[in-house]
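Read through the structure below, which is laid out as structure tokens, and then see the notes.
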Amino acid sequence: MNDREVLQALLDGKVIVDESSWHVFYYKLIKDRMYVRIGDHMWGSNNRIPELESSHVRILEEGEE
């Protein structure tokens, strides 16, 4: 994915999976808040969009969680 595709996916309400570190991070955008989840933990609210390495992220497919 490139940067534009990542941002468009977030704006479209999709969940982004970042597998660039030891932990898998999930990101979703709801209204003006970014939500992040690490692995199987609960979603937490964040007030910024983190820097993502677009070559290490993908869109979470339906039913994949």
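By order in the structure tokens, chains are A, B, ...; within a chain, residues start at 1; ligands start at 1, following the order shown.
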
List every residue of chain A that DSSP, applied to the backbone of this structure, assigns to alpha helix (DSSP H), and report them as a ChimeraX atom specification. /A:3-11

Can I get the selected residues back with N, CA, C and O atoms, as a tab-separated table (two decimals), in the first residue's frame?
```
chain	number	residue	atom	x	y	z
A	3	ASP	N	0.98	5.60	0.80
A	3	ASP	CA	0.44	6.50	1.83
A	3	ASP	C	-0.99	6.94	1.53
A	3	ASP	O	-1.83	7.00	2.41
A	4	ARG	N	-1.25	7.24	0.29
A	4	ARG	CA	-2.60	7.69	-0.10
A	4	ARG	C	-3.63	6.59	0.15
A	4	ARG	O	-4.73	6.85	0.64
A	5	GLU	N	-3.30	5.36	-0.19
A	5	GLU	CA	-4.22	4.24	0.02
A	5	GLU	C	-4.49	4.01	1.51
A	5	GLU	O	-5.61	3.69	1.90
A	6	VAL	N	-3.46	4.18	2.34
A	6	VAL	CA	-3.63	4.03	3.78
A	6	VAL	C	-4.59	5.08	4.32
A	6	VAL	O	-5.55	4.77	5.04
A	7	LEU	N	-4.37	6.33	3.95
A	7	LEU	CA	-5.25	7.41	4.42
A	7	LEU	C	-6.67	7.25	3.90
A	7	LEU	O	-7.63	7.45	4.63
A	8	GLN	N	-6.81	6.85	2.65
A	8	GLN	CA	-8.15	6.66	2.09
A	8	GLN	C	-8.87	5.53	2.80
A	8	GLN	O	-10.07	5.63	3.09
A	9	ALA	N	-8.17	4.45	3.12
A	9	ALA	CA	-8.79	3.33	3.84
A	9	ALA	C	-9.28	3.78	5.21
A	9	ALA	O	-10.38	3.43	5.63
A	10	LEU	N	-8.48	4.57	5.91
A	10	LEU	CA	-8.91	5.09	7.22
A	10	LEU	C	-10.14	5.97	7.08
A	10	LEU	O	-11.10	5.86	7.85
A	11	LEU	N	-10.15	6.84	6.09
A	11	LEU	CA	-11.29	7.72	5.86
A	11	LEU	C	-12.54	6.93	5.47
A	11	LEU	O	-13.66	7.35	5.76
```

If we count only C-alpha atoms, what is near stretch 55-62 of chain A at a cut-off of 12 Å, once residues fewer than 3 positions away on the same chain are taken out, given as a ChimeraX atom specification? /A:1-10,12-21,24-28,51-52,65

Can I get the selection written as a PDB file, in the first residue's frame, with N, CA and C atoms?
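Dumped to again05.pdb:
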```pdb
ATOM      1  N   MET A   1       0.838  -1.186   0.000  1.00  0.00           N
ATOM      2  CA  MET A   1       0.000   0.000   0.000  1.00  0.00           C
ATOM      3  C   MET A   1       0.879   1.244   0.000  1.00  0.00           C
ATOM      4  N   ASN A   2       0.379   2.294  -0.591  1.00  0.00           N
ATOM      5  CA  ASN A   2       1.098   3.555  -0.497  1.00  0.00           C
ATOM      6  C   ASN A   2       0.386   4.461   0.512  1.00  0.00           C
ATOM      7  N   ASP A   3       0.982   5.602   0.802  1.00  0.00           N
ATOM      8  CA  ASP A   3       0.442   6.501   1.828  1.00  0.00           C
ATOM      9  C   ASP A   3      -0.992   6.936   1.528  1.00  0.00           C
ATOM     10  N   ARG A   4      -1.253   7.239   0.287  1.00  0.00           N
ATOM     11  CA  ARG A   4      -2.599   7.690  -0.097  1.00  0.00           C
ATOM     12  C   ARG A   4      -3.627   6.592   0.147  1.00  0.00           C
ATOM     13  N   GLU A   5      -3.301   5.359  -0.188  1.00  0.00           N
ATOM     14  CA  GLU A   5      -4.220   4.237   0.021  1.00  0.00           C
ATOM     15  C   GLU A   5      -4.490   4.006   1.512  1.00  0.00           C
ATOM     16  N   VAL A   6      -3.465   4.176   2.336  1.00  0.00           N
ATOM     17  CA  VAL A   6      -3.631   4.027   3.784  1.00  0.00           C
ATOM     18  C   VAL A   6      -4.591   5.082   4.316  1.00  0.00           C
ATOM     19  N   LEU A   7      -4.372   6.334   3.951  1.00  0.00           N
ATOM     20  CA  LEU A   7      -5.246   7.415   4.419  1.00  0.00           C
ATOM     21  C   LEU A   7      -6.671   7.254   3.898  1.00  0.00           C
ATOM     22  N   GLN A   8      -6.811   6.852   2.653  1.00  0.00           N
ATOM     23  CA  GLN A   8      -8.146   6.663   2.092  1.00  0.00           C
ATOM     24  C   GLN A   8      -8.872   5.534   2.800  1.00  0.00           C
ATOM     25  N   ALA A   9      -8.171   4.453   3.115  1.00  0.00           N
ATOM     26  CA  ALA A   9      -8.788   3.333   3.837  1.00  0.00           C
ATOM     27  C   ALA A   9      -9.281   3.781   5.213  1.00  0.00           C
ATOM     28  N   LEU A  10      -8.485   4.573   5.914  1.00  0.00           N
ATOM     29  CA  LEU A  10      -8.912   5.089   7.219  1.00  0.00           C
ATOM     30  C   LEU A  10     -10.143   5.970   7.079  1.00  0.00           C
ATOM     31  N   ASP A  12     -12.352   5.786   4.852  1.00  0.00           N
ATOM     32  CA  ASP A  12     -13.467   4.922   4.464  1.00  0.00           C
ATOM     33  C   ASP A  12     -13.957   4.049   5.611  1.00  0.00           C
ATOM     34  N   GLY A  13     -13.350   4.192   6.794  1.00  0.00           N
ATOM     35  CA  GLY A  13     -13.798   3.447   7.969  1.00  0.00           C
ATOM     36  C   GLY A  13     -13.208   2.056   8.097  1.00  0.00           C
ATOM     37  N   LYS A  14     -12.180   1.764   7.344  1.00  0.00           N
ATOM     38  CA  LYS A  14     -11.566   0.445   7.411  1.00  0.00           C
ATOM     39  C   LYS A  14     -10.517   0.387   8.516  1.00  0.00           C
ATOM     40  N   VAL A  15     -10.200  -0.814   8.960  1.00  0.00           N
ATOM     41  CA  VAL A  15      -9.179  -1.025   9.984  1.00  0.00           C
ATOM     42  C   VAL A  15      -7.858  -1.313   9.278  1.00  0.00           C
ATOM     43  N   ILE A  16      -6.814  -0.616   9.713  1.00  0.00           N
ATOM     44  CA  ILE A  16      -5.468  -0.782   9.165  1.00  0.00           C
ATOM     45  C   ILE A  16      -4.647  -1.623  10.129  1.00  0.00           C
ATOM     46  N   VAL A  17      -3.897  -2.572   9.609  1.00  0.00           N
ATOM     47  CA  VAL A  17      -3.041  -3.441  10.417  1.00  0.00           C
ATOM     48  C   VAL A  17      -1.590  -3.077  10.127  1.00  0.00           C
ATOM     49  N   ASP A  18      -0.843  -2.763  11.189  1.00  0.00           N
ATOM     50  CA  ASP A  18       0.584  -2.429  11.076  1.00  0.00           C
ATOM     51  C   ASP A  18       1.388  -3.571  11.688  1.00  0.00           C
ATOM     52  N   GLU A  19       2.145  -4.260  10.855  1.00  0.00           N
ATOM     53  CA  GLU A  19       2.927  -5.413  11.292  1.00  0.00           C
ATOM     54  C   GLU A  19       4.426  -5.132  11.222  1.00  0.00           C
ATOM     55  N   SER A  20       4.809  -3.884  11.424  1.00  0.00           N
ATOM     56  CA  SER A  20       6.208  -3.499  11.247  1.00  0.00           C
ATOM     57  C   SER A  20       7.072  -3.689  12.492  1.00  0.00           C
ATOM     58  N   SER A  21       6.474  -4.078  13.627  1.00  0.00           N
ATOM     59  CA  SER A  21       7.258  -4.247  14.858  1.00  0.00           C
ATOM     60  C   SER A  21       6.934  -5.601  15.479  1.00  0.00           C
ATOM     61  N   VAL A  24       1.529  -6.401  16.745  1.00  0.00           N
ATOM     62  CA  VAL A  24       0.643  -6.025  15.647  1.00  0.00           C
ATOM     63  C   VAL A  24      -0.275  -4.923  16.162  1.00  0.00           C
ATOM     64  N   PHE A  25      -0.297  -3.800  15.468  1.00  0.00           N
ATOM     65  CA  PHE A  25      -1.127  -2.661  15.822  1.00  0.00           C
ATOM     66  C   PHE A  25      -2.283  -2.549  14.835  1.00  0.00           C
ATOM     67  N   TYR A  26      -3.454  -2.229  15.367  1.00  0.00           N
ATOM     68  CA  TYR A  26      -4.636  -2.009  14.551  1.00  0.00           C
ATOM     69  C   TYR A  26      -5.050  -0.556  14.734  1.00  0.00           C
ATOM     70  N   TYR A  27      -5.430   0.103  13.645  1.00  0.00           N
ATOM     71  CA  TYR A  27      -5.839   1.500  13.689  1.00  0.00           C
ATOM     72  C   TYR A  27      -7.166   1.667  12.975  1.00  0.00           C
ATOM     73  N   LYS A  28      -8.030   2.518  13.547  1.00  0.00           N
ATOM     74  CA  LYS A  28      -9.262   2.889  12.867  1.00  0.00           C
ATOM     75  C   LYS A  28      -9.583   4.330  13.230  1.00  0.00           C
ATOM     76  N   GLU A  51       2.722   7.946  12.698  1.00  0.00           N
ATOM     77  CA  GLU A  51       3.470   7.755  11.467  1.00  0.00           C
ATOM     78  C   GLU A  51       3.504   6.265  11.153  1.00  0.00           C
ATOM     79  N   LEU A  52       3.042   5.906   9.984  1.00  0.00           N
ATOM     80  CA  LEU A  52       2.989   4.507   9.578  1.00  0.00           C
ATOM     81  C   LEU A  52       3.907   4.283   8.385  1.00  0.00           C
ATOM     82  N   GLU A  65     -10.413 -10.800  11.948  1.00  0.00           N
ATOM     83  CA  GLU A  65     -10.045 -10.589  13.341  1.00  0.00           C
ATOM     84  C   GLU A  65     -10.204 -11.873  14.067  1.00  0.00           C
TER      85      GLU A  65
END
```

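The protein and nucleic acid residues lying at most 7 Å from stretch 31-33 of chain A are Ser45, Asn46 and Asn47 of chain A, with only C-alpha atoms considered and sequence neighbours fewer than 3 positions away removed.
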
Filtered DSSP result for chain A, state strand (DSSP E), as an MDAnalysis selection string: chainID A and resid 16:18 25:30 33:38 44:46 57:59
